[in-house]
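Below is one structure, written out as structure tokens; comments come after it.
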Amino acid sequence: MKVEEAIRSRKSVRAFTDQTVPQETIERILKLSQQAPSGTNTQPWHTYVCTGAVKDAIADDVCDLFDQGKAEKYEDYDYYPANWKDIHRDRRRGVGWSLYGLLGIQKGDRERTMIQAKRNYKFFDAPVGIFFTADAYLAKGSWADVGLYMQTVMLAARGEGLHTCPQAAWISFQEPIFRHLNIPEDQVLISGMALGYEDTEAIENTLISDREDVANVVQYIGFD
């Protein structure tokens with residue numbers, strides 16, 4: 001697959017088939033992704049790949065916490081701000097309501113909203129879950145490096161005919177993840193990710209989120 005095709009076809013898939021992804025395929029993806037750039041070649045990422053009973057145990061424990069309303073706040077981890085500027089808030093709401101619109105979830109339907117939100121913690125039925133961490137002492141630059149690595153993983157997955165969904169939602173329920181995957185306490189969770197084959201019959205997978213016009217985000221300085 002050409003790079004442009006991989007970039008244009010990558011999207012956040014929120015419904016997967018149960019088709020198994022061979023370990024050899026995942027290994028190829030991660031070996032290729034190790035070529036991702038990082039500041040001064042620090043390569044600060046740690047990657048935990050789970051499937052089967054371990055993945056199900058994480059999902060079950062996190063879903064129990066979700067049902068009990070025991071979510072931790074993103075701002076407690078300095079992950080997202082408590083208050084968003086209008087431009088970012090509107091983009092967040094826009095993609096959320098576009099998804100809910102496809103699923104027929106009306107504004108104010110808290111029950112169906114919660115059911116859909118809970119699907120995050122089942123990896124949207126993907127057969128493979130991935131978690132990305134970094135050493136806790138590292139700062140913003142290293143988090144950016146892990147983001148570069150994650151993007152490389154997502155594009156490499158497209159080269160294998162697979163799809164992904166990066167999931168910050170796991171930030172709110174970290175204890176079962178660290179416990180089941182034996183993640184050391186001196187690491188911090190940066191994101192989860194679902195990986196598998198797209199369910200092409202699922203209406204939610206027709207969602208293509210809007211992108212800002214490039215003229216509104218890019219400035220050219222010093223060109224003739």
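As shown in the structure tokens, the chain order sets the letters A, B, ...; within each chain, residues go from 1, and ligands are also counted from 1 in the order they appear.
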> Near Ala82 of chain A, within 9 Å and counting only C-alpha atoms, which residues show up once chain neighbours fewer than 3 positions away are dropped, as a ChimeraX atom specification?
Replying inline: /A:73-75
>> List the spatial neighbours of segment 95-100 of chain A as a PyMOL selection string - criterion: any atom at most 7 Å away, only C-alpha atoms, same-chain residues fewer than 6 positions off excluded.
In response: chain A and resi 204+207+209
>> Can you pull out every residue from segment 33-218 of chain A that DSSP, working from the backbone, puts in strand (DSSP E), and format the result as a ChimeraX atom specification?
In response: /A:45-50,128-135,163-167,187-196
>> I'd like the neighbourhood of segment 148-162 of chain A as an NGL selection string, where a residue qualifies if any of its atoms comes within 8 Å (using only C-alpha atoms), though same-chain residues fewer than 4 positions away should be ignored.
In response: :A and (1 or 3 or 6-7 or 9-10 or 25 or 29-30 or 32-34 or 36-38 or 45 or 144 or 195-198)
> From the list A:Ile221, A:Ile171, A:Val21, A:Val188, which residue is nearest Tyr80 of chain A when using only C-alpha atoms?
Replying inline: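 Checking each candidate against Tyr80 of chain A, we get A:Ile171 as the closest.
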